[in-house]
$ cat coords23.cif   # mmCIF, C-alpha atoms and all ligand atoms
data_model
loop_
_atom_site.label_atom_id
_atom_site.label_comp_id
_atom_site.auth_asym_id
_atom_site.auth_seq_id
_atom_site.Cartn_x
_atom_site.Cartn_y
_atom_site.Cartn_z
CA MET J 2 24.74 56.65 -11.84
CA GLY J 3 21.84 57.78 -13.99
CA CYS J 4 22.52 60.92 -15.86
CA PHE J 5 20.17 62.96 -17.96
CA SER J 6 20.17 66.38 -19.48
CA PHE J 7 17.40 68.86 -19.99
CA LEU J 8 17.60 70.72 -23.22
CA CYS J 9 15.59 73.68 -24.40
CA ARG J 10 12.85 72.29 -26.59
CA ARG J 11 10.37 75.11 -26.60
CA PRO J 12 8.90 75.40 -30.08
CA ILE J 13 9.52 78.89 -31.39
CA ALA J 14 6.22 80.24 -32.67
CA SER J 15 6.11 82.71 -35.50
CA PRO J 16 6.71 86.12 -33.88
CA ILE J 17 3.95 87.76 -35.91
CA LYS J 18 1.34 85.27 -34.71
CA ARG J 19 2.51 85.60 -31.09
CA PHE J 20 2.46 89.37 -31.27
CA SER J 21 -0.99 89.78 -32.79
CA GLU J 22 -2.54 87.68 -30.02
CA LEU J 23 -0.77 89.66 -27.32
CA ASP J 24 -1.18 93.12 -28.84
CA GLU J 25 -4.86 92.96 -28.08
CA GLU J 26 -4.04 92.57 -24.39
CA LEU J 27 -1.55 95.41 -24.63
CA SER J 28 -4.21 97.79 -25.90
CA GLU J 29 -5.97 97.34 -22.55
CA VAL J 30 -3.08 98.97 -20.65
CA GLN J 31 -4.19 102.51 -19.98
CA ASN J 32 -2.04 105.59 -20.58
CA LEU J 33 0.79 103.46 -21.94
CA LYS J 34 3.57 105.65 -23.32
CA LEU J 35 4.44 104.43 -26.79
CA TYR J 36 7.81 105.28 -28.33
CA SER J 37 8.37 105.13 -32.05
CA TYR J 38 11.07 102.82 -33.36
CA LYS J 39 12.61 105.86 -35.06
CA GLU J 40 12.96 107.68 -31.75
CA LEU J 41 14.61 104.70 -30.02
CA ARG J 42 16.89 104.14 -32.97
CA ALA J 43 18.01 107.76 -32.77
CA ALA J 44 18.38 107.53 -28.97
CA THR J 45 20.77 104.58 -29.22
CA ASP J 46 22.66 105.67 -32.33
CA ASP J 47 21.02 102.90 -34.35
CA PHE J 48 21.40 100.38 -31.52
CA SER J 49 25.16 100.67 -31.79
CA LEU J 50 27.44 98.25 -30.01
CA ALA J 51 29.01 101.19 -28.20
CA ASN J 52 25.68 101.81 -26.49
CA LYS J 53 25.03 98.19 -25.58
CA ILE J 54 25.13 97.80 -21.80
CA GLY J 55 24.05 94.23 -21.30
CA GLU J 56 22.16 91.23 -22.51
CA GLY J 57 19.65 89.06 -20.67
CA GLY J 58 17.25 86.29 -21.57
CA PHE J 59 14.99 88.90 -23.14
CA GLY J 60 17.59 90.32 -25.50
CA PRO J 61 20.16 93.12 -25.69
CA VAL J 62 19.92 96.25 -23.52
CA TYR J 63 21.14 99.64 -24.77
CA ARG J 64 21.75 102.94 -23.10
CA GLY J 65 20.06 105.76 -24.97
CA ARG J 66 19.24 109.44 -24.67
CA LEU J 67 15.61 110.23 -25.33
CA LYS J 68 14.33 113.33 -27.13
CA HIS J 69 14.09 115.46 -24.03
CA GLY J 70 17.58 114.57 -22.82
CA LYS J 71 16.58 111.83 -20.39
CA ASP J 72 18.81 108.74 -20.20
CA ALA J 73 17.05 105.41 -20.66
CA ALA J 74 17.80 101.70 -20.68
CA ILE J 75 16.29 100.29 -23.85
CA LYS J 76 15.60 96.53 -23.80
CA VAL J 77 15.04 94.99 -27.20
CA LEU J 78 13.15 91.71 -27.41
CA ALA J 79 15.41 89.50 -29.51
CA ALA J 80 13.77 87.50 -32.31
CA GLU J 81 15.21 84.30 -30.86
CA SER J 82 14.41 85.24 -27.26
CA ARG J 83 13.18 82.36 -25.16
CA GLN J 84 11.40 84.73 -22.81
CA GLY J 85 9.42 86.11 -25.69
CA ALA J 86 6.34 88.12 -26.31
CA ARG J 87 4.47 86.85 -23.26
CA GLU J 88 7.14 88.17 -20.87
CA PHE J 89 7.17 91.46 -22.77
CA LEU J 90 3.47 91.87 -22.10
CA THR J 91 3.73 90.68 -18.48
CA GLU J 92 6.41 93.23 -17.75
CA ILE J 93 4.20 96.03 -19.04
CA LYS J 94 1.00 94.86 -17.41
CA VAL J 95 2.61 94.24 -14.05
CA ILE J 96 4.75 97.29 -13.46
CA TYR J 97 3.53 100.04 -15.71
CA GLU J 98 2.26 102.82 -13.45
CA ILE J 99 3.69 101.20 -10.31
CA GLU J 100 6.18 103.50 -8.66
CA HIS J 101 8.40 102.80 -5.70
CA GLU J 102 11.87 103.95 -4.75
CA ASN J 103 13.13 100.37 -4.91
CA LEU J 104 11.58 99.28 -8.19
CA ALA J 105 13.05 100.01 -11.63
CA LYS J 106 10.72 102.36 -13.45
CA LEU J 107 9.27 101.30 -16.79
CA CYS J 108 8.68 104.46 -18.85
CA GLY J 109 6.95 102.88 -21.86
CA CYS J 110 7.48 100.65 -24.84
CA CYS J 111 7.68 100.40 -28.60
CA VAL J 112 5.34 98.09 -30.52
CA GLU J 113 5.93 98.55 -34.21
CA GLY J 114 5.93 95.75 -36.79
CA ASN J 115 8.02 93.00 -35.25
CA HIS J 116 9.82 95.36 -32.88
CA ARG J 117 9.06 94.92 -29.18
CA ILE J 118 11.11 97.21 -26.96
CA LEU J 119 10.86 98.21 -23.30
CA VAL J 120 12.09 101.60 -22.11
CA TYR J 121 13.22 102.10 -18.49
CA ASP J 122 14.76 104.86 -16.46
CA TYR J 123 18.51 104.42 -16.77
CA ILE J 124 20.09 103.10 -13.56
CA GLU J 125 23.71 104.15 -13.28
CA ASN J 126 25.59 101.51 -11.32
CA ASN J 127 24.84 98.14 -12.89
CA SER J 128 23.53 95.12 -11.02
CA LEU J 129 24.65 93.49 -7.79
CA ALA J 130 25.79 90.52 -9.89
CA GLN J 131 28.15 92.72 -11.90
CA THR J 132 29.42 94.76 -8.95
CA LEU J 133 29.35 93.09 -5.54
CA LEU J 134 29.50 89.56 -6.95
CA GLY J 135 31.47 90.48 -10.06
CA ASN J 136 34.84 89.13 -8.93
CA GLY J 137 36.50 92.51 -8.52
CA HIS J 138 35.36 93.95 -11.85
CA SER J 139 33.83 96.96 -10.15
CA SER J 140 35.39 99.87 -8.29
CA ILE J 141 32.42 100.22 -5.92
CA GLN J 142 33.32 99.63 -2.28
CA PHE J 143 30.48 97.91 -0.49
CA SER J 144 30.82 99.01 3.12
CA TRP J 145 28.68 97.37 5.79
CA ARG J 146 26.38 100.43 5.88
CA THR J 147 25.93 100.29 2.11
CA ARG J 148 25.08 96.60 2.30
CA THR J 149 22.48 97.13 5.02
CA LYS J 150 20.91 99.92 2.98
CA ILE J 151 20.79 97.67 -0.10
CA CYS J 152 19.24 94.75 1.83
CA ILE J 153 16.60 96.95 3.44
CA GLY J 154 15.81 98.64 0.11
CA ILE J 155 15.26 95.33 -1.69
CA ALA J 156 13.14 94.08 1.21
CA ARG J 157 11.02 97.26 1.06
CA GLY J 158 10.51 96.92 -2.70
CA LEU J 159 9.38 93.32 -2.25
CA ALA J 160 7.14 94.14 0.72
CA TYR J 161 5.47 96.76 -1.47
CA LEU J 162 4.84 94.26 -4.28
CA HIS J 163 3.66 91.54 -1.90
CA GLU J 164 1.56 93.49 0.53
CA GLU J 165 0.64 96.93 -0.79
CA VAL J 166 -0.07 96.50 -4.48
CA ARG J 167 -3.46 94.91 -5.34
CA PRO J 168 -3.55 92.25 -6.65
CA HIS J 169 -0.35 91.19 -4.93
CA ILE J 170 2.64 90.61 -7.16
CA VAL J 171 5.11 87.74 -6.88
CA HIS J 172 8.29 88.64 -8.76
CA ARG J 173 9.52 85.02 -9.24
CA ASP J 174 13.07 85.92 -10.26
CA ILE J 175 14.68 87.76 -7.37
CA LYS J 176 18.43 87.41 -7.83
CA ALA J 177 21.60 89.49 -7.87
CA SER J 178 21.42 90.29 -11.59
CA ASN J 179 17.92 91.68 -11.19
CA ILE J 180 18.93 94.20 -8.54
CA LEU J 181 20.24 97.38 -10.13
CA LEU J 182 22.00 100.13 -8.19
CA ASP J 183 21.44 103.81 -8.88
CA LYS J 184 23.99 106.59 -8.45
CA ASP J 185 23.50 106.57 -4.65
CA LEU J 186 23.59 102.76 -4.58
CA THR J 187 19.87 102.63 -3.86
CA PRO J 188 18.72 99.18 -5.04
CA LYS J 189 16.05 98.88 -7.73
CA ILE J 190 14.32 95.56 -8.39
CA SER J 191 14.07 94.99 -12.14
CA ASP J 192 12.93 92.39 -14.64
CA PHE J 193 9.25 91.69 -14.04
CA GLY J 194 8.87 89.48 -17.10
CA LEU J 195 8.13 86.41 -14.97
CA ALA J 196 6.00 88.16 -12.36
CA LYS J 197 2.59 86.79 -11.39
CA LEU J 198 -0.42 88.48 -9.96
CA ILE J 199 -2.02 86.64 -7.05
CA PRO J 200 -5.78 87.34 -6.85
CA SER J 201 -6.77 88.44 -3.36
CA ASN J 202 -9.03 85.41 -2.74
CA MET J 203 -6.24 82.93 -3.46
CA THR J 204 -3.32 81.82 -1.32
CA HIS J 205 -1.29 80.51 -4.24
CA VAL J 206 -1.40 80.01 -7.98
CA SER J 207 -0.25 76.90 -9.81
CA THR J 208 2.07 77.88 -12.56
CA ARG J 209 4.85 76.91 -14.85
CA VAL J 210 7.97 77.10 -12.76
CA ALA J 211 10.46 79.72 -13.81
CA GLY J 212 13.30 81.36 -12.01
CA THR J 213 16.96 80.82 -11.39
CA ILE J 214 18.67 77.80 -9.93
CA GLY J 215 20.13 78.60 -6.55
CA TYR J 216 17.33 81.05 -5.74
CA LEU J 217 14.31 78.81 -6.33
CA ALA J 218 12.23 77.77 -3.33
CA PRO J 219 12.11 73.96 -3.36
CA GLU J 220 8.36 73.64 -2.87
CA TYR J 221 7.79 75.91 -5.85
CA ALA J 222 10.42 74.26 -8.03
CA ILE J 223 8.99 70.81 -7.37
CA ARG J 224 5.25 71.37 -7.10
CA GLY J 225 4.83 74.62 -9.01
CA GLN J 226 2.67 76.09 -6.26
CA LEU J 227 3.54 79.73 -6.19
CA THR J 228 3.10 81.93 -3.13
CA ARG J 229 4.82 85.11 -2.02
CA ARG J 230 6.98 82.90 0.21
CA ALA J 231 8.86 81.73 -2.89
CA ASP J 232 10.13 85.31 -3.32
CA VAL J 233 10.96 85.42 0.41
CA TYR J 234 13.15 82.34 -0.12
CA SER J 235 14.97 83.95 -3.09
CA PHE J 236 15.42 87.11 -1.03
CA GLY J 237 16.97 85.04 1.77
CA VAL J 238 19.54 83.59 -0.63
CA LEU J 239 20.31 87.08 -1.95
CA LEU J 240 20.65 88.44 1.59
CA VAL J 241 23.29 85.83 2.41
CA GLU J 242 25.07 86.64 -0.86
CA ILE J 243 25.18 90.35 0.01
CA VAL J 244 26.62 89.74 3.49
CA SER J 245 29.12 87.16 2.29
CA GLY J 246 30.00 88.80 -1.05
CA ARG J 247 29.83 85.45 -2.82
CA CYS J 248 27.48 83.71 -5.26
CA ASN J 249 25.07 81.10 -3.97
CA THR J 250 26.94 78.36 -5.84
CA ASN J 251 30.67 78.25 -6.42
CA SER J 252 32.02 75.02 -7.82
CA LEU J 253 35.60 76.20 -7.35
CA LEU J 254 35.32 75.96 -3.56
CA PRO J 255 35.75 72.75 -1.52
CA LEU J 256 32.58 70.64 -1.75
CA GLU J 257 31.32 71.51 1.74
CA GLU J 258 31.47 75.23 0.92
CA GLN J 259 30.02 75.20 -2.60
CA TYR J 260 26.36 75.80 -1.75
CA ILE J 261 25.85 78.94 0.26
CA LEU J 262 22.78 77.82 2.21
CA GLU J 263 24.33 74.51 3.25
CA ARG J 264 27.41 76.42 4.33
CA THR J 265 25.39 79.03 6.25
CA TRP J 266 23.41 76.35 8.08
CA ASP J 267 26.55 74.45 8.93
CA LEU J 268 28.21 77.57 10.38
CA TYR J 269 25.03 78.55 12.20
CA GLU J 270 24.93 75.18 13.94
CA LYS J 271 28.56 75.60 14.98
CA ASN J 272 27.91 79.19 16.12
CA GLU J 273 30.50 80.41 13.62
CA LEU J 274 28.40 82.51 11.25
CA ILE J 275 30.94 85.31 11.42
CA GLU J 276 33.19 83.18 9.18
CA LEU J 277 30.88 83.83 6.28
CA VAL J 278 31.02 87.63 6.35
CA ASP J 279 32.79 89.15 3.33
CA THR J 280 36.50 89.57 4.00
CA ALA J 281 36.52 92.43 1.48
CA MET J 282 35.30 94.66 4.33
CA TYR J 283 38.56 93.95 6.19
CA GLY J 284 36.72 93.43 9.44
CA ASP J 285 35.11 96.87 9.30
CA PHE J 286 31.52 95.82 10.06
CA ASP J 287 29.13 95.38 12.93
CA ALA J 288 29.65 91.69 13.74
CA GLU J 289 26.44 91.26 15.70
CA GLU J 290 24.35 92.87 12.99
CA ALA J 291 26.08 90.91 10.21
CA CYS J 292 25.31 87.61 12.00
CA LYS J 293 21.75 88.79 12.53
CA TYR J 294 21.42 89.42 8.79
CA LEU J 295 22.67 85.90 8.07
CA LYS J 296 20.13 84.50 10.52
CA ILE J 297 17.38 86.47 8.78
CA GLY J 298 18.62 84.87 5.54
CA LEU J 299 18.16 81.48 7.19
CA LEU J 300 14.69 82.43 8.46
CA CYS J 301 13.68 83.39 4.91
CA THR J 302 14.93 80.15 3.38
CA GLN J 303 13.41 77.69 5.85
CA ASP J 304 12.11 74.52 4.28
CA ASN J 305 8.54 75.04 5.49
CA PRO J 306 7.28 78.11 3.57
CA LYS J 307 4.84 78.95 6.35
CA LEU J 308 7.73 79.50 8.75
CA ARG J 309 9.31 82.13 6.51
CA PRO J 310 8.49 85.68 7.61
CA VAL J 311 6.50 87.98 5.33
CA MET J 312 8.50 90.76 3.73
CA SER J 313 7.18 93.60 5.91
CA THR J 314 8.40 91.63 8.94
CA VAL J 315 11.75 91.11 7.22
CA VAL J 316 12.06 94.89 6.75
CA LYS J 317 11.46 95.37 10.48
CA MET J 318 13.95 92.65 11.39
CA LEU J 319 16.64 94.13 9.14
CA SER J 320 16.13 97.64 10.41
CA GLY J 321 16.16 96.50 14.05
CA GLU J 322 12.53 97.43 14.71
CA ILE J 323 11.80 93.90 15.85
CA LYS J 324 14.11 91.30 17.35
CA ILE J 325 14.61 87.90 15.79
CA ASP J 326 14.12 84.71 17.73
CA ASP J 327 17.27 82.61 17.20
CA ASP J 328 15.71 79.46 18.58
CA LYS J 329 13.06 79.42 15.90
CA ILE J 330 15.37 78.96 12.92
CA THR J 331 14.91 75.63 11.16
CA LYS J 332 16.96 74.02 8.41
CA PRO J 333 16.88 75.68 4.96
CA GLY J 334 15.00 74.00 2.14
CA LEU J 335 17.31 72.73 -0.54
CA ILE J 336 16.20 71.50 -3.94
CA SER J 337 18.91 68.87 -3.76
CA ASP J 338 17.32 67.38 -0.60
CA PHE J 339 13.88 67.57 -2.06
CA MET J 340 14.53 65.77 -5.31
CA ASP J 341 17.59 63.85 -4.28
CA LEU J 342 19.34 65.69 -7.06
CA LYS J 343 22.67 67.38 -7.14
CA ILE J 344 23.43 69.91 -9.80
CA ARG J 345 26.77 69.91 -11.46
CA SER J 346 28.12 71.59 -14.56
CA ASN J 347 28.47 69.77 -17.83
CA PRO J 348 31.96 68.23 -17.62
CA ASN J 349 32.69 69.49 -21.13
CA LYS J 350 32.07 73.05 -20.08
CA THR J 351 34.23 75.33 -17.99
CA PRO J 352 32.61 75.64 -14.57
CA THR J 353 30.92 78.97 -14.11
CA ASN J 354 30.23 81.04 -11.07
CA ASP J 355 28.15 83.43 -13.06
CA PRO J 356 24.82 83.64 -11.26
CA LYS J 357 23.27 84.93 -14.46
CA LYS J 358 23.66 81.70 -16.35
CA ASN J 359 21.25 79.35 -14.69
CA THR J 360 17.69 80.27 -15.47
CA PHE J 361 15.43 77.34 -14.76
CA ASN J 362 12.13 76.74 -16.42
CA THR J 363 9.81 73.79 -16.09
CA ASN J 364 6.20 73.31 -16.81
CA THR J 365 4.12 71.61 -14.18
CA SER J 366 0.75 72.15 -15.77
CA SER J 367 -0.80 70.02 -18.44
CA GLY J 368 -0.99 71.35 -21.97
CA SER J 369 2.40 72.93 -21.53
CA ASP J 370 4.45 74.28 -24.35
CA ASN J 371 7.37 72.04 -23.53
CA ASN J 372 5.54 68.82 -22.74
CA GLY J 373 6.19 69.13 -19.04
CA GLU J 374 9.90 68.68 -19.46
CA LEU J 375 12.35 70.40 -17.23
CA SER J 376 14.55 72.71 -19.17
CA LEU J 377 17.43 74.98 -18.42
CA LEU J 378 17.21 78.24 -20.24
CA SER J 379 20.35 80.12 -21.03
CA SER J 380 20.24 83.73 -20.01
CA ASN J 381 23.77 84.51 -20.94
CA THR J 382 25.11 87.96 -20.98
CA THR J 383 27.81 86.95 -23.41
CA SER J 384 26.84 87.05 -27.03
CA GLN J 385 28.78 83.83 -27.82
CA SER J 386 26.65 81.35 -25.95
CA THR J 387 23.04 82.45 -26.20
CA MET J 388 20.55 79.59 -25.92
CA THR J 389 22.93 76.67 -25.95
CA PHE J 390 22.56 75.26 -22.51
CA THR J 391 23.23 71.64 -21.76
CA ASP J 392 23.85 71.45 -18.05
CA VAL J 393 23.45 67.97 -16.65
CA TRP J 394 21.68 66.98 -13.49
CA ASP J 395 22.89 63.89 -11.74
CA ARG J 396 20.67 61.58 -9.76
CA PRO J 397 22.83 59.91 -7.10
CA ASN J 398 22.34 56.18 -6.60
N1 LIG J 401 17.13 100.12 -16.15
C1 LIG J 401 18.39 99.80 -16.39
N2 LIG J 401 19.38 100.70 -16.25
C2 LIG J 401 20.67 100.39 -16.49
N3 LIG J 401 21.09 99.17 -16.88
C3 LIG J 401 20.16 98.23 -17.06
C4 LIG J 401 18.77 98.47 -16.83
N4 LIG J 401 18.09 97.34 -17.07
C5 LIG J 401 19.00 96.42 -17.44
N5 LIG J 401 20.25 96.94 -17.44
C6 LIG J 401 21.52 96.28 -17.80
O1 LIG J 401 21.26 95.24 -18.71
C7 LIG J 401 21.69 93.99 -18.20
C8 LIG J 401 20.75 92.90 -18.69
O2 LIG J 401 19.49 93.06 -18.03
P1 LIG J 401 18.29 92.05 -18.20
O3 LIG J 401 17.30 92.43 -17.17
O4 LIG J 401 17.84 92.05 -19.62
O5 LIG J 401 18.91 90.64 -17.95
P2 LIG J 401 19.53 89.94 -16.65
O6 LIG J 401 18.70 90.28 -15.46
O7 LIG J 401 20.99 90.30 -16.58
O8 LIG J 401 19.42 88.41 -17.01
P3 LIG J 401 18.09 87.51 -17.03
O9 LIG J 401 17.35 87.88 -18.26
O10 LIG J 401 18.62 86.15 -17.03
O11 LIG J 401 17.32 87.80 -15.78
C9 LIG J 401 21.70 94.19 -16.68
O12 LIG J 401 22.58 93.33 -16.04
C10 LIG J 401 22.14 95.65 -16.56
O13 LIG J 401 23.55 95.73 -16.68
#
$ encode --input "coords23.cif" --output "C-alpha cells"
Amino acid sequence: MGCFSFLCRRPIASPIKRFSELDEELSEVQNLKLYSYKELRAATDDFSLANKIGEGGFGPVYRGRLKHGKDAAIKVLAAESRQGAREFLTEIKVIYEIEHENLAKLCGCCVEGNHRILVYDYIENNSLAQTLLGNGHSSIQFSWRTRTKICIGIARGLAYLHEEVRPHIVHRDIKASNILLDKDLTPKISDFGLAKLIPSNMTHVSTRVAGTIGYLAPEYAIRGQLTRRADVYSFGVLLVEIVSGRCNTNSLLPLEEQYILERTWDLYEKNELIELVDTAMYGDFDAEEACKYLKIGLLCTQDNPKLRPVMSTVVKMLSGEIKIDDDKITKPGLISDFMDLKIRSNPNKTPTNDPKKNTFNTNTSSGSDNNGELSLLSSNTTSQSTMTFTDVWDRPN
C-alpha cells in the first residue's frame, strides 16, 4: 500500500514585503473604517487571554468593547498565519459594505506597521461547530424549528452571495465552524478570506483549491474549477450535519457510518433516512420534513455539479415553497471515489472529530507558491498544535 503525506511547504514571505504590495490594493476600498491599534488594544485589554474567544487559521480572535460601547470580534492576523495577508485583503474587498441578515458584518480593520486586524460585529452564540457539533459542550437546545431556521438562514445568505451580489461571490469554505449564531440563533456566514468573485461573463474560475476536507466538492478539489455549485455541495454536507447533529467524518464510528454522505446515501436507498435524524431531539421533530431536508442535502451534493440546485431554489425547497422530486436524486460525489483515495488520520495522532482541523489547500495552477503540491493546512483552534499537520492519505492498491 503506497502511503504519502502532504506537508505544509509554503514559503513564508517577509510580512513587510507582503503587506506593502497588498496595502496598495487596500487603499482602493472606499469608505473603509480604519481602527487604530491603540483603540483595539484598549478594547481588548491589551489582547488579554481572558478576552480571547477563539483561534482560526488566520490567527487569534478577541472579544472587545469599542469606544462607543459596541461589542466586537477582533481577529488578529498572526505573524505565522498560513492564510496571510492575501486572505486579509480578500476578506475586506469581498464583504466590506455588503450587508445581509445572514452574513457576519465586517466593521473595519487596522493596518498599522505589521499589525493587520479585522473588526466584526460580535456574534453572541459561537459557531455551529462549537455548539450543535460540539459534543455536548454547549447548553443550547437545537429544536427542529431552530434547525430549520438555521438551514434556511444559511441558504438565504448563500443565495444572496451567489445570485444577488455583483460580481457573484463564491465563499469556498462553507462549514460548521464558519456559521456563527447570534443571540436569537440566527445564523451568520463568516470567514470570507478564501472567497472568490466570479465575473458575470464567466461560468467558473480556475483557482488554487482551498477549503475543508469533508465539505469540498470533488470536481473542484480535483480539477480546481470553481463554480457556485462547489458552495452548494458544501452547504449540502452542512445541511446533513445540522439534521443529524454529527460531523461529516467520525472515525470513531463503524466504518460504514464514518462518512456522512456515504451513510446518507445508503439510508436513502434503503428508505431509512429517518435513522440519521439527531436523537438529541428525542423524537420531537417533523419526520417528513426532516427526511426532506436530508434529501435536499443529497440533491446539493450530487456528483454532477449541474444537477445540484442553485441556492435560491434550495431556499424554496427548504421553506416548502417548491416540492422536491425524489426520483431525481443521484449518488453524491465523493472525493474518495474520484481519486481512489481514502483519508485516514496519522496513526501516531489521536483521531479527531473536530471539523475545524482539516483545512485543505492545493494549487492546481502553474507558478504556484507551493509547487503544485497538495497540502493540509492546520487551522487548529488549540494553541498547542498550530501549523503542524501531517495527516496521511492512503492510496488503496
Ligand atoms: N464575529 C464573531 N463574533 C463572535 N465570535 C467570533 C466571530 N468571528 C469569529 N469568532 C470566534 O472565533 C473563532 C475562530 O474564528 P475564525 O473564523 O478565525 O476561525 P475558524 O472558522 O474557527 O477556523 P478556520 O480559520 O479554519 O476557518 C470562531 O469559532 C468563533 O468562536
$ residues_near_ligand --input "coords23.cif" --ligand "ligand LIG 401 (chain J)" --cutoff "8 Å" --atoms "only C-alpha atoms and all ligand atoms" --output "NGL selection string"
:J and (54-64 or 73-76 or 105-107 or 120-128 or 130-131 or 174 or 178-181 or 191-192 or 213 or 357-360 or 379-382)
$ residues_around --input "coords23.cif" --residues "J:Leu133" --least-positions-apart "3" --cutoff "8 Å" --atoms "all atoms listed in the file" --output "PDB file with C-alpha atoms, keeping the file's coordinate frame"
ATOM      1  CA  LEU J 129      24.650  93.490  -7.790  1.00  0.00           C
ATOM      2  CA  ALA J 130      25.790  90.520  -9.890  1.00  0.00           C
ATOM      3  CA  ASN J 136      34.840  89.130  -8.930  1.00  0.00           C
ATOM      4  CA  GLY J 137      36.500  92.510  -8.520  1.00  0.00           C
ATOM      5  CA  SER J 139      33.830  96.960 -10.150  1.00  0.00           C
ATOM      6  CA  ILE J 141      32.420 100.220  -5.920  1.00  0.00           C
ATOM      7  CA  PHE J 143      30.480  97.910  -0.490  1.00  0.00           C
ATOM      8  CA  ILE J 243      25.180  90.350   0.010  1.00  0.00           C
ATOM      9  CA  GLY J 246      30.000  88.800  -1.050  1.00  0.00           C
TER      10      GLY J 246
END
$ closest_residue --input "coords23.cif" --among "J:Ala43, J:Ile155, J:Leu254, J:Cys301" --to "J:Lys332" --atoms "all atoms listed in the file"
J:Cys301
$ closest_residue --input "coords23.cif" --among "J:Arg230, J:Lys329, J:Lys324, J:Lys68" --to "J:Lys307" --atoms "all atoms listed in the file"
J:Arg230
$ closest_residue --input "coords23.cif" --among "J:Leu33, J:Leu335, J:Ala51, J:Ala156" --to "J:Ser313" --atoms "all atoms listed in the file"
J:Ala156
$ atom_distance --input "coords23.cif" --atom1 "atom CA of J:Glu263" --atom2 "atom CA of J:Leu299"
10.1 Å
$ closest_residue --input "coords23.cif" --among "J:Gly70, J:Gly321, J:Gly109, J:Gly158" --to "J:Leu27" --atoms "all atoms listed in the file"
J:Gly109
$ atom_distance --input "coords23.cif" --atom1 "atom CA of J:Tyr36" --atom2 "atom CA of J:Cys110"
5.8 Å
$ closest_residue --input "coords23.cif" --among "J:Ile275, J:Cys152, J:Leu90, J:Ala196" --to "J:Met318" --atoms "all atoms listed in the file"
J:Cys152
$ atom_distance --input "coords23.cif" --atom1 "atom CA of J:Asp285" --atom2 "atom CA of J:Arg146"
10.0 Å
$ residues_around --input "coords23.cif" --residues "J:Thr147" --least-positions-apart "3" --cutoff "12 Å" --atoms "all atoms listed in the file" --output "PDB file with C-alpha atoms, in the coordinates of the input"
ATOM      1  CA  LEU J 133      29.350  93.090  -5.540  1.00  0.00           C
ATOM      2  CA  ILE J 141      32.420 100.220  -5.920  1.00  0.00           C
ATOM      3  CA  GLN J 142      33.320  99.630  -2.280  1.00  0.00           C
ATOM      4  CA  PHE J 143      30.480  97.910  -0.490  1.00  0.00           C
ATOM      5  CA  SER J 144      30.820  99.010   3.120  1.00  0.00           C
ATOM      6  CA  LYS J 150      20.910  99.920   2.980  1.00  0.00           C
ATOM      7  CA  ILE J 151      20.790  97.670  -0.100  1.00  0.00           C
ATOM      8  CA  CYS J 152      19.240  94.750   1.830  1.00  0.00           C
ATOM      9  CA  ILE J 153      16.600  96.950   3.440  1.00  0.00           C
ATOM     10  CA  GLY J 154      15.810  98.640   0.110  1.00  0.00           C
ATOM     11  CA  LEU J 182      22.000 100.130  -8.190  1.00  0.00           C
ATOM     12  CA  ASP J 185      23.500 106.570  -4.650  1.00  0.00           C
ATOM     13  CA  LEU J 186      23.590 102.760  -4.580  1.00  0.00           C
ATOM     14  CA  THR J 187      19.870 102.630  -3.860  1.00  0.00           C
ATOM     15  CA  PRO J 188      18.720  99.180  -5.040  1.00  0.00           C
ATOM     16  CA  ILE J 243      25.180  90.350   0.010  1.00  0.00           C
ATOM     17  CA  VAL J 244      26.620  89.740   3.490  1.00  0.00           C
ATOM     18  CA  MET J 282      35.300  94.660   4.330  1.00  0.00           C
ATOM     19  CA  PHE J 286      31.520  95.820  10.060  1.00  0.00           C
TER      20      PHE J 286
END
$ closest_residue --input "coords23.cif" --among "J:Phe89, J:Phe236, J:Phe193, J:Tyr161" --to "J:Ile297" --atoms "all atoms listed in the file"
J:Phe236
$ residues_around --input "coords23.cif" --residues "J:Leu195" --least-positions-apart "5" --cutoff "12 Å" --atoms "only C-alpha atoms" --output "ChimeraX atom specification"
/J:58-59,84-96,170-175,179,208-213,227,232,360-362
